[in-house]
Structures are given as C-alpha cells and as structure tokens.
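Below: the structure, in structure tokens.
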Amino acid sequence: MSLALDAAAQDLLFREARTANTFTDEPVSDEQVQAIYDLVKYGPTAFNQSPLRVTLVRTPEARERLVKHMAEGNRPKTATAPLVAILSVDNEFHDDLPKLFPHAPAVKDAFFAERPVREQAAALNGALQAGYFIVGVRAAGLAAGPMTGFDFAGVQKEFLDDDHTPLMVVNIGKPGDDAWFPRSPRLDYDEVITSV
C-alpha cells in the first residue's frame, strides 16, 4: 500500500464517490455542515487566505429563488436536494489576512492591495477550497452534486453582493434512486504525469 488511507476511506472519498443527481429526503443537519467545515478549513491555500464562503439555501422561498437561475437540467435536482450550498469567494478576503496570516500581516497590502489581484487569487484558492468542500461532504457519508450550470450574474444579484463571486452550486444529501450517471473515463497515469 502506497497510501496511508485504508481502502474503504479511499473508496468513500474518491473511487466510489460520484456526483449525485438524485437524493433521498433525509435532511442534512447544521451539525453535519459544521463537521464538514471543521474538517475542510484545514486544506491549504496561498497565504492561508481562505476566500471561500458558503451560503446554505434552506428555506423554500430561497430555494425557489435559486432554482430559477439554474440551467434547465439542474433545476429538478436543485429543487429536491435536502440541502443546497452556494459556494462563492470573498474578493475582500485580504481584510482577514492579519488574523489568518499573523506572522506576516504586511502581506495584506504588499500582495493584495489591487482588486484584480485579489479576484484572481480568490478564484484560484476558492476553487481549491471548493474541492476540499466536496471531499468533506463525502467524508460525512453524504453525496455532493456540484454544478456550474447556472446564471452566475443572477445568483450573485439574488444571494450575494459585489464583493462575492459565485463559484458553484452544490446539492448535498444521501443519494437517491438512480443517483449516478455511468462513470466517465479518466486519464491514465502516463497521460498526466511526467518527470524532468
């Protein structure tokens, strides 16, 4: 074994984990979401900047507002998932850097004074954190259905502000009947890994 995780954990997080398209009606609790966040917050980001923000869509009214911005094929599963999360990035993440990177507080102004630089950094590091979030959902024994098929400007206007940019919408819950599409192919090691 080249990996420290046992085979069951590898399957749970990667090999058997899939993007779910249907869910049971079993609710996802605040305690489960707290446990997910308390795990994934330790994933690395540059300068520990942590730009990811999560908006939980829990009320029927909010769900209706979100569904209208989803692509047609994503509407039914978003309408029926036990929990939906809007993952976004805070483009003003640098305000938290003195707390998150206390040994070098000057990083805030030295590297991130310009908004375009912050937006680029937030997009990259927020995407990293979104990946951690998906794996965290799986670690909780739940299935994630991440989607980028939605009206980004509409979701931003409906749920966020000008300082927050949406990344993806993630349906969360226990997988339902016929939850999985067939597994899509993956690239082989030799197609991806090179040595120099």
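Naming works like this for the structure tokens: A, B, ... for the chains as they're shown, residue 1 at the start of each chain, ligands 1 onward in shown order.
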
### Query
Among region 5-65 of chain A, which ones does DSSP place in alpha helix (DSSP H), written as a list in words?
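Those residues are Ala7, Ala8, Ala9, Gln10, Asp30, Glu31, Gln32, Val33, Gln34, Ala35, Ile36, Tyr37, Asp38, Leu39, Val40, Pro60, Glu61, Ala62, Arg63, Glu64 and Arg65 of chain A.
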
### Message
Excluding Leu87 (chain A) and its own-chain neighbours fewer than 3 positions away, which residues fall within 10 Å of it when counting only C-alpha atoms? Please give them as a PyMOL selection string.
### Response
chain A and resi 52-56+84+126-127+129-130+133+146+164-170

Return as a Markdown table the residues of region 100-195 of chain A lying at most 8 Å from region 28-49 of chain A, together with the closest atom-to-atom pair for each and the distance in Å to one decimal, counting only C-alpha atoms, with rows in chain order and ascending residue number.
| residue | atom | partner | partner_atom | distance |
| --- | --- | --- | --- | --- |
| A:Leu100 | CA | A:Asn48 | CA | 6.1 |
| A:Phe101 | CA | A:Asn48 | CA | 6.4 |
| A:Asn125 | CA | A:Thr45 | CA | 5.6 |
| A:Leu128 | CA | A:Thr45 | CA | 7.3 |
| A:Gln129 | CA | A:Gly43 | CA | 6.9 |
| A:Tyr132 | CA | A:Val40 | CA | 5.6 |
| A:Phe133 | CA | A:Val40 | CA | 6.0 |
| A:Gly136 | CA | A:Ile36 | CA | 5.2 |
| A:Val137 | CA | A:Ile36 | CA | 6.1 |
| A:Ala139 | CA | A:Ile36 | CA | 7.7 |
| A:Ala140 | CA | A:Ile36 | CA | 6.6 |
| A:Ile172 | CA | A:Val28 | CA | 7.5 |
| A:Gly173 | CA | A:Val28 | CA | 6.2 |

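Shortest atom-to-atom contact with Gly141 (chain A) among A:Asp162, A:Ile86, A:Lys174, A:Glu114: A:Lys174, counting only C-alpha atoms.
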
Residue contacts of region 61-77 of chain A (6 Å, only C-alpha atoms) excluding same-chain residues fewer than 5 positions away, as an mmCIF file with all heavy atoms, in the first residue's frame:
data_model
loop_
_atom_site.group_PDB
_atom_site.id
_atom_site.type_symbol
_atom_site.label_atom_id
_atom_site.label_comp_id
_atom_site.auth_asym_id
_atom_site.auth_seq_id
_atom_site.Cartn_x
_atom_site.Cartn_y
_atom_site.Cartn_z
ATOM 1 N N GLY A 149 -23.656 24.931 -13.932
ATOM 2 C CA GLY A 149 -24.679 25.268 -14.913
ATOM 3 C C GLY A 149 -25.763 26.127 -14.295
ATOM 4 O O GLY A 149 -26.816 25.647 -13.879
ATOM 5 N N PHE A 150 -25.486 27.415 -14.215
ATOM 6 C CA PHE A 150 -26.458 28.379 -13.681
ATOM 7 C C PHE A 150 -26.075 29.768 -14.143
ATOM 8 O O PHE A 150 -24.982 29.998 -14.658
ATOM 9 C CB PHE A 150 -26.549 28.296 -12.148
ATOM 10 C CG PHE A 150 -25.286 28.610 -11.397
ATOM 11 C CD1 PHE A 150 -24.986 29.910 -11.003
ATOM 12 C CD2 PHE A 150 -24.387 27.605 -11.057
ATOM 13 C CE1 PHE A 150 -23.829 30.200 -10.295
ATOM 14 C CE2 PHE A 150 -23.232 27.879 -10.356
ATOM 15 C CZ PHE A 150 -22.947 29.180 -9.974
ATOM 16 N N ASP A 151 -26.975 30.698 -13.957
ATOM 17 C CA ASP A 151 -26.757 32.101 -14.305
ATOM 18 C C ASP A 151 -25.947 32.738 -13.166
ATOM 19 O O ASP A 151 -26.494 33.073 -12.120
ATOM 20 C CB ASP A 151 -28.109 32.787 -14.487
ATOM 21 C CG ASP A 151 -28.011 34.283 -14.714
ATOM 22 O OD1 ASP A 151 -26.888 34.836 -14.760
ATOM 23 O OD2 ASP A 151 -29.071 34.926 -14.838
#
